[in-house]
Amino acid sequence: MQKILTYLVLILLSAGSLSQEPEKVIASIFEESLTDTTAYNHLRYLCKNTSGRLAGSSASLKAIEYTRQALIDAGSDTVWLQKVIVPHWVRGFEECRIFSSEMGEYDLSVSTLGLSTGTDLEGIKAEIIEVHDFNKLKDLGRNRIEGKIVFFNRPVDNRLINTFAGYGGAVNQRISGAAEASRYGAAAVIVRSVTQSLHDFPHTGTTHYPDDIKKIPAVAVSTVDADLLSCWLKKDPTLTVRLLTTCKTLPDTTSFNVIGEIRGYLKPEEYITVGGHLDSWDITEGAHDDAGGCVQAIEMIRIYRSLGIKPKRTIRAVMFMNEEISTTGGKTYAEEAFRKGEKHYAALESDRGVMSPRGFGFDASGPRLEKLQSLAKYFVPFNIRDFDPGGGGSDIAPLKPLGALQIGYIPDVQRYFFYHHSANDTFEQVNIRELQLGSAAIASLIYLIDLNDY
Ligand SMILES: [Zn+2]
């Protein structure tokens with residue numbers, strides 16, 4: 001009897017909080033976020049104490065334990081680790097020196113691409129040939145390419161306002177350059193970093209080799225040194241490069257997604273997932289990509305608890321593992337949801353950095369999109385105005401077949417690729433207010449999405 005009474009009181013209390021005007025709830029969410037430093041402190045810890053937390057690394061295990069505790073402290077009803085199988089690639093020593101009879105020697109600023117194969121301890125010494133696209137490889141043919149190091153130097157198109165479109169227009173050199181050059185017998189590849197910035201940081205990322213391709217080493221070079229190399233090549237087309245990289249791919253290993261949830265009071269069997277990815281590249285603190293997204297998800301739980309907001313549905317904060325190499329965290333999460341027959345109502349990912357919030361993208365159309373876009377009115381006081389079609393993220397995409405509405409958090413992205421996958425993505429590059437505003441925007445949107453059916 002006591003239990004039933006407690007339950008009834010709880011329902012009435014929840015109904016009380018929900019009967020508040022949404023505008024007031026949202027104002028209180030922003031107030032809470034803007035006057036609390038918990039998320040910022042979590043970000044500092046992840047950046048400074050678990051830097052380079054690539055899947056399989058000891059830093060990633062430390063990040064898993066830290067965020068597990070952070071989710072408990074935030075007030076989750078339940079927190080658990082979900083086992084994920086991950087690749088285990090490790091960087092070794094790397095050096096890329098150019099030799100010119102006219103200009104002398106120079107060490108390029110490089111970073112080996114993830115999943116790249118290594119060289120032996122002598123390295124590879126070869127002539128270099130610059131190209132801007134895969135068609136040029138075809139034109140040159142095996143005769144001109146065999147045994148050489150191919151230098152992919154197509155820059156990102158800086159005229160594009162959508163920086164993700166700019167990135168998308170150049171990233172095939174990094175992802176498939178090694179495989180394409182290998183088809184013509186190249187010895188290795190050097191790829192211009194995929195960034196709008198002209199600076200000394202190399203930007204890494206994965207490279208993929210199809211099964212039928214001989215794996216050749218692949219490194220990214222900073223944009224400044226890509227320009228220098230191109231300039232030297234014009235003056236001395238016979239210059240040579242010695243590339244040494246002792247990276248290795250070890251056997252797959254076990255890692256974890258970290259999940260915390262608040263049970264819904266009305267529809268606990270329906271789930272809303274909010275997440276970022278906990279892994280980062282090994283050469284970076286991974287502040288914007290994507291410790292920021294993780295701490296924003298944890299912050300949603302903390303804000304709900306602190307303000308006594310009771311969700312109708314079960315809301316989860318998920319730190320996905322291994323987004324960077326092969327997204328096994330996101331796939332495992334969706335597979336388990338499918339196996340358990342869970343109903344996934346919506347999923348939001350924050351993985352575009354944590355600069356000032358601009359809005360959200362929704363994978364919806366027609367009247368459903370219009371209904372979602374009508375929520376924009378609640379965000380006008382906070383200068384958040386973009387409610388656009390098209391949205392999601394690579395970790396939540398596998399939830400789409402389960403019916404989850406896909407939502408992408410959209411901050412301002414003009415600076416994102418100045419940091420992305422490089423040692424420049426540090427804690428100091430995150431502004432506390434921009435992070436807080438983003439956390440508040442996400443918690444507010446989830447509150448509104450949960451209020452009704454979309
Ligand atoms: Zn990311």
# chains A, B, ... in the order shown; residues from 1 in each chain; ligands from 1
>>> residues_near_ligand(ligand="ligand 1", cutoff="9 Å", atoms="only C-alpha atoms and all ligand atoms", output="ChimeraX atom specification")
/A:276-280,286,288-291,293,323-324,350-353,394,420-421
>>> residues_around(residues="stretch 228-230 of chain A", least_positions_apart="5", cutoff="9 Å", atoms="only C-alpha atoms", output="PyMOL selection string")
chain A and resi 98+108+130+151+153+223+235
>>> residues_around(residues="A:Ala297", least_positions_apart="2", cutoff="12 Å", atoms="only C-alpha atoms", output="JSON, numbers by chain")
{"A": [39, 42, 43, 67, 70, 71, 74, 76, 258, 259, 260, 261, 272, 273, 274, 275, 276, 277, 278, 290, 291, 292, 293, 294, 295, 299, 300, 301, 302, 303, 304, 315, 316, 317, 318, 319, 320, 347, 348, 349, 350, 351, 354, 409, 435, 436, 438, 439, 440, 441, 442, 443, 444, 446]}
>>> write_last_selection(atoms="C-alpha atoms", output="PDB file, in the first residue's frame")
ATOM      1  CA  ALA A  39      30.404  19.875 -17.359  1.00  0.00           C
ATOM      2  CA  HIS A  42      34.490  17.039 -16.674  1.00  0.00           C
ATOM      3  CA  LEU A  43      35.793  18.365 -19.975  1.00  0.00           C
ATOM      4  CA  THR A  67      32.465   9.097 -17.152  1.00  0.00           C
ATOM      5  CA  ALA A  70      30.300  11.213 -13.600  1.00  0.00           C
ATOM      6  CA  LEU A  71      26.997   9.655 -14.706  1.00  0.00           C
ATOM      7  CA  ALA A  74      24.863  13.355 -12.120  1.00  0.00           C
ATOM      8  CA  SER A  76      21.320   8.617 -13.142  1.00  0.00           C
ATOM      9  CA  VAL A 258      29.200   4.025 -20.983  1.00  0.00           C
ATOM     10  CA  ILE A 259      25.470   4.448 -20.422  1.00  0.00           C
ATOM     11  CA  GLY A 260      23.483   6.298 -17.778  1.00  0.00           C
ATOM     12  CA  GLU A 261      19.698   6.642 -17.732  1.00  0.00           C
ATOM     13  CA  ILE A 272      15.588   8.781 -25.977  1.00  0.00           C
ATOM     14  CA  THR A 273      19.347   8.536 -26.489  1.00  0.00           C
ATOM     15  CA  VAL A 274      21.676  11.528 -26.262  1.00  0.00           C
ATOM     16  CA  GLY A 275      25.327  10.901 -26.935  1.00  0.00           C
ATOM     17  CA  GLY A 276      28.785  11.740 -28.091  1.00  0.00           C
ATOM     18  CA  HIS A 277      31.811   9.557 -28.632  1.00  0.00           C
ATOM     19  CA  LEU A 278      34.300   8.999 -25.855  1.00  0.00           C
ATOM     20  CA  ASP A 290      34.248  14.713 -28.879  1.00  0.00           C
ATOM     21  CA  ALA A 291      34.759  15.046 -25.124  1.00  0.00           C
ATOM     22  CA  GLY A 292      32.500  18.102 -25.390  1.00  0.00           C
ATOM     23  CA  GLY A 293      29.620  16.061 -26.801  1.00  0.00           C
ATOM     24  CA  CYS A 294      30.037  13.490 -24.024  1.00  0.00           C
ATOM     25  CA  VAL A 295      29.973  16.006 -21.194  1.00  0.00           C
ATOM     26  CA  GLU A 299      25.040  17.445 -18.208  1.00  0.00           C
ATOM     27  CA  MET A 300      21.528  16.709 -19.500  1.00  0.00           C
ATOM     28  CA  ILE A 301      21.131  14.077 -16.761  1.00  0.00           C
ATOM     29  CA  ARG A 302      22.513  16.453 -14.128  1.00  0.00           C
ATOM     30  CA  ILE A 303      20.186  19.277 -15.207  1.00  0.00           C
ATOM     31  CA  TYR A 304      17.121  17.015 -15.158  1.00  0.00           C
ATOM     32  CA  ILE A 315      16.357   9.223 -21.296  1.00  0.00           C
ATOM     33  CA  ARG A 316      19.875   7.945 -21.724  1.00  0.00           C
ATOM     34  CA  ALA A 317      23.254   9.615 -21.947  1.00  0.00           C
ATOM     35  CA  VAL A 318      25.599   7.400 -23.952  1.00  0.00           C
ATOM     36  CA  MET A 319      29.360   7.727 -24.362  1.00  0.00           C
ATOM     37  CA  PHE A 320      29.999   5.720 -27.524  1.00  0.00           C
ATOM     38  CA  ALA A 347      18.355   9.878 -30.670  1.00  0.00           C
ATOM     39  CA  LEU A 348      20.534  12.977 -30.658  1.00  0.00           C
ATOM     40  CA  GLU A 349      24.266  13.151 -31.273  1.00  0.00           C
ATOM     41  CA  SER A 350      26.605  16.021 -30.444  1.00  0.00           C
ATOM     42  CA  ASP A 351      29.720  15.494 -32.576  1.00  0.00           C
ATOM     43  CA  VAL A 354      30.977  22.542 -28.844  1.00  0.00           C
ATOM     44  CA  TYR A 409      23.188  19.069 -32.602  1.00  0.00           C
ATOM     45  CA  LEU A 435      29.676  24.665 -23.981  1.00  0.00           C
ATOM     46  CA  GLN A 436      27.036  25.592 -21.381  1.00  0.00           C
ATOM     47  CA  GLY A 438      24.970  23.929 -26.016  1.00  0.00           C
ATOM     48  CA  SER A 439      24.227  21.686 -23.023  1.00  0.00           C
ATOM     49  CA  ALA A 440      21.162  23.785 -22.211  1.00  0.00           C
ATOM     50  CA  ALA A 441      19.975  23.704 -25.824  1.00  0.00           C
ATOM     51  CA  ILE A 442      20.245  19.914 -25.940  1.00  0.00           C
ATOM     52  CA  ALA A 443      18.529  19.359 -22.571  1.00  0.00           C
ATOM     53  CA  SER A 444      15.754  21.779 -23.625  1.00  0.00           C
ATOM     54  CA  ILE A 446      14.990  16.678 -25.335  1.00  0.00           C
TER      55      ILE A 446
END
>>> closest_residue(among="A:Ile29, A:Val110, A:Leu160, A:Ala126", to="A:Val219", atoms="only C-alpha atoms")
A:Val110
>>> select_by_dssp(residues="stretch 74-311 of chain A", states="helix (DSSP H, G or I)", output="PyMOL selection string")
chain A and resi 134-145+163-170+172-183+223-235+287-307
>>> write_last_selection(atoms="C-alpha atoms", output="compact mmCIF listing (two decimals), in the first residue's frame")
# COMPACT_ATOMS: atom_id res chain seq x y z
CA PHE A 134 42.34 10.08 -58.39
CA ASN A 135 41.85 10.82 -62.12
CA LYS A 136 45.40 12.14 -62.22
CA LEU A 137 46.63 8.73 -61.01
CA LYS A 138 44.90 7.17 -63.99
CA ASP A 139 46.47 9.70 -66.38
CA LEU A 140 49.95 9.10 -64.98
CA GLY A 141 49.53 5.33 -64.97
CA ARG A 142 51.59 2.63 -63.32
CA ASN A 143 54.76 3.57 -65.25
CA ARG A 144 55.03 6.98 -63.60
CA ILE A 145 53.73 5.98 -60.15
CA THR A 163 32.70 23.64 -43.49
CA PHE A 164 31.51 20.03 -43.40
CA ALA A 165 30.87 20.25 -47.14
CA GLY A 166 34.40 21.58 -47.59
CA TYR A 167 35.76 18.70 -45.55
CA GLY A 168 33.64 16.22 -47.50
CA GLY A 169 35.07 17.55 -50.76
CA ALA A 170 38.66 16.72 -49.81
CA ASN A 172 38.50 11.05 -50.01
CA GLN A 173 42.27 11.62 -50.39
CA ARG A 174 42.73 10.65 -46.73
CA ILE A 175 40.23 7.78 -46.66
CA SER A 176 41.01 6.15 -50.00
CA GLY A 177 44.24 7.79 -51.24
CA ALA A 178 46.50 4.98 -50.01
CA ALA A 179 44.32 2.28 -51.58
CA GLU A 180 43.99 4.15 -54.89
CA ALA A 181 47.72 4.88 -55.14
CA SER A 182 48.52 1.28 -54.22
CA ARG A 183 46.59 0.12 -57.32
CA THR A 223 48.87 22.34 -44.57
CA VAL A 224 51.90 24.64 -44.11
CA ASP A 225 54.27 21.80 -44.92
CA ALA A 226 52.07 20.59 -47.80
CA ASP A 227 52.52 24.05 -49.35
CA LEU A 228 56.25 23.92 -48.67
CA LEU A 229 56.59 20.46 -50.19
CA SER A 230 54.66 21.52 -53.28
CA CYS A 231 56.90 24.58 -53.63
CA TRP A 232 60.10 22.53 -53.29
CA LEU A 233 58.80 20.01 -55.83
CA LYS A 234 58.28 22.77 -58.39
CA LYS A 235 61.88 23.86 -57.95
CA ALA A 287 38.11 18.51 -26.63
CA HIS A 288 35.71 19.43 -29.43
CA ASP A 289 35.90 15.93 -30.94
CA ASP A 290 34.25 14.71 -28.88
CA ALA A 291 34.76 15.05 -25.12
CA GLY A 292 32.50 18.10 -25.39
CA GLY A 293 29.62 16.06 -26.80
CA CYS A 294 30.04 13.49 -24.02
CA VAL A 295 29.97 16.01 -21.19
CA GLN A 296 26.91 17.69 -22.71
CA ALA A 297 25.07 14.36 -22.56
CA ILE A 298 26.08 13.85 -18.91
CA GLU A 299 25.04 17.45 -18.21
CA MET A 300 21.53 16.71 -19.50
CA ILE A 301 21.13 14.08 -16.76
CA ARG A 302 22.51 16.45 -14.13
CA ILE A 303 20.19 19.28 -15.21
CA TYR A 304 17.12 17.01 -15.16
CA ARG A 305 17.98 15.86 -11.64
CA SER A 306 18.93 19.25 -10.34
CA LEU A 307 15.67 20.84 -11.54
>>> residues_around(residues="A:Gly329", least_positions_apart="5", cutoff="8 Å", atoms="only C-alpha atoms", output="count of residues only")
9
>>> select_by_dssp(residues="stretch 66-112 of chain A", states="strand (DSSP E)", output="PyMOL selection string")
chain A and resi 78-90+94-100+104-107+110-112
>>> atom_distance(atom1="atom CA of A:Thr240", atom2="atom CA of A:Glu105")
9.7 Å
>>> closest_residue(among="A:Gly92, A:Leu243, A:Thr195, A:Val79", to="A:Glu122", atoms="only C-alpha atoms")
A:Leu243
>>> atom_distance(atom1="atom CA of A:Asp412", atom2="atom CA of A:Ser197")
16.0 Å
>>> residues_around(residues="A:Gly330", least_positions_apart="2", cutoff="7 Å", atoms="only C-alpha atoms", output="PyMOL selection string")
chain A and resi 320+327-328+332-334+395-396+398
>>> atom_distance(atom1="atom CA of A:Thr254", atom2="atom CA of A:Asn49")
21.1 Å
>>> residues_around(residues="A:Ile124", least_positions_apart="2", cutoff="8 Å", atoms="only C-alpha atoms", output="list of chain:residue names")
A:Thr119, A:Asp120, A:Glu122, A:Ala126, A:Ala187, A:Ala188, A:Val241, A:Arg242, A:Leu243, A:Leu244
>>> closest_residue(among="A:Asp450, A:Phe379, A:Ser422, A:Gly114", to="A:Thr314", atoms="only C-alpha atoms")
A:Asp450
>>> closest_residue(among="A:Val131, A:Ile283, A:Leu369, A:Ile262", to="A:Gly308", atoms="only C-alpha atoms")
A:Ile262
>>> closest_residue(among="A:Thr206, A:Ser116, A:Ser58, A:Gln20", to="A:Thr249", atoms="only C-alpha atoms")
A:Ser116
>>> closest_residue(among="A:Glu23, A:Glu94, A:Glu31, A:Glu342", to="A:Pro217", atoms="only C-alpha atoms")
A:Glu94
>>> residues_around(residues="A:Ser51", least_positions_apart="2", cutoff="7 Å", atoms="only C-alpha atoms", output="PyMOL selection string")
chain A and resi 46-49+53+59+284-286
>>> write_last_selection(atoms="C-alpha atoms", output="mmCIF file, in the first residue's frame")
data_model
loop_
_atom_site.group_PDB
_atom_site.id
_atom_site.type_symbol
_atom_site.label_atom_id
_atom_site.label_comp_id
_atom_site.auth_asym_id
_atom_site.auth_seq_id
_atom_site.Cartn_x
_atom_site.Cartn_y
_atom_site.Cartn_z
ATOM 1 C CA LEU A 46 38.919 14.183 -19.990
ATOM 2 C CA CYS A 47 41.257 16.476 -21.941
ATOM 3 C CA LYS A 48 44.079 16.688 -19.438
ATOM 4 C CA ASN A 49 43.928 13.192 -17.887
ATOM 5 C CA ARG A 53 41.935 8.035 -25.723
ATOM 6 C CA ALA A 59 43.627 6.420 -21.710
ATOM 7 C CA THR A 284 44.901 14.954 -29.293
ATOM 8 C CA GLU A 285 43.002 15.883 -26.137
ATOM 9 C CA GLY A 286 39.887 15.579 -28.288
#
